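Here's the structure we're looking at; comments come further down.
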Amino acid sequence: MADRVLFISWTNPVRGAEERAVEAFNEAIGLFGRMQHEGRIESFDVALMAPNNDLGGCMLLRGTAEQIDAVRADEEFERSTIKAQLSVEGISHIEGYTNEGLARMMGMYQEAVASIPQHS
């Protein structure tokens, strides 16, 4: 079961590169679909945001720590990221935790909180 996530987000397409941005978006969805079908990730979701100045959209990949590490090191993923960087602004890859990983991280957080004097 997935205990890790990779959150991929971007802000806006580069002006004049909107068609390239759509192409990069579609290629990424195809790549992640193949990865899911091959068992290289557990699942992924895609969201496009209503018009705003902060976030254009995001993709959330779910897998084990090993799967997420393998995605990050995958040459096709790296090429897809480079193509996206040339067509959208503010691209970001952030790793995180879910399911058992979330429980483990919250346990570590609670241990750290307990070790630090709290001020009221």
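Residue numbers start at 1 in each chain; chains themselves are named A, B, ... in the order of the structure tokens; ligands are numbered from 1 in the order shown.
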Do you know which residues are at most 8 Å from region 2-14 of chain A counting only C-alpha atoms, after dropping those on the same chain fewer than 4 positions away, and could you put them as number ranges by chain? A: 18, 21, 42, 53-65, 68, 86-102
Would you work out the distance separating CA of Leu31 (chain A) from CA of Asp69 (chain A), expressed in Å to one decimal?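 These atoms are spaced 15.8 Å apart.
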Let me make sure I understand: among A:Ala73, A:Ala103, A:Ala84, A:Ile116, which one has the smallest atom-to-atom distance to Ala28 (chain A) if we use only C-alpha atoms?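 Nearest to Ala28 (chain A): A:Ala84.
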Could you give me, as a PyMOL selection string, each residue of region 32-73 of chain A that DSSP assigns to helix (DSSP H, G or I) when run on this structure's backbone? chain A and resi 32-37+65-73
Which of chain A DSSP labels strand (DSSP E or B), written as an NGL selection string: :A and (4-10 or 13 or 43-48 or 57-63 or 88 or 92-97)
Output C-alpha atoms of each residue in that selection to a file, as a compact mmCIF listing (two decimals), in the first residue's frame.
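Heads up, here's the output in again.txt:
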# COMPACT_ATOMS: atom_id res chain seq x y z
CA ARG A 4 4.40 8.12 0.02
CA VAL A 5 3.24 10.75 -2.46
CA LEU A 6 4.86 12.98 -5.03
CA PHE A 7 2.99 16.28 -5.42
CA ILE A 8 3.72 17.98 -8.74
CA SER A 9 2.35 21.49 -9.21
CA TRP A 10 2.70 24.47 -11.51
CA PRO A 13 1.78 28.40 -18.83
CA SER A 43 -2.15 5.51 -8.50
CA PHE A 44 -2.26 9.17 -9.48
CA ASP A 45 -4.75 12.03 -9.55
CA VAL A 46 -4.79 15.20 -11.64
CA ALA A 47 -6.47 18.54 -10.83
CA LEU A 48 -6.76 21.77 -12.76
CA GLY A 57 -2.90 22.57 -11.34
CA CYS A 58 -1.34 19.56 -9.72
CA MET A 59 -0.71 15.85 -10.06
CA LEU A 60 -0.44 13.54 -7.07
CA LEU A 61 1.40 10.25 -7.51
CA ARG A 62 0.98 7.55 -4.83
CA GLY A 63 3.36 4.67 -4.16
CA VAL A 88 4.98 26.26 -17.48
CA SER A 92 7.43 22.08 -8.15
CA HIS A 93 7.97 18.48 -7.00
CA ILE A 94 7.30 17.87 -3.32
CA GLU A 95 7.46 14.47 -1.62
CA GLY A 96 5.09 13.64 1.20
CA TYR A 97 3.45 10.91 3.22
Please determine, counting only C-alpha atoms, which residue among A:Met35, A:Arg15, A:Ala112, A:Arg104 has the shortest atom-to-atom distance to Asp74 (chain A).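 Nearest to Asp74 (chain A): A:Met35.
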Between CA of Pro51 (chain A) and CA of Val22 (chain A), measure the distance and give it in Å to one decimal. 16.0 Å
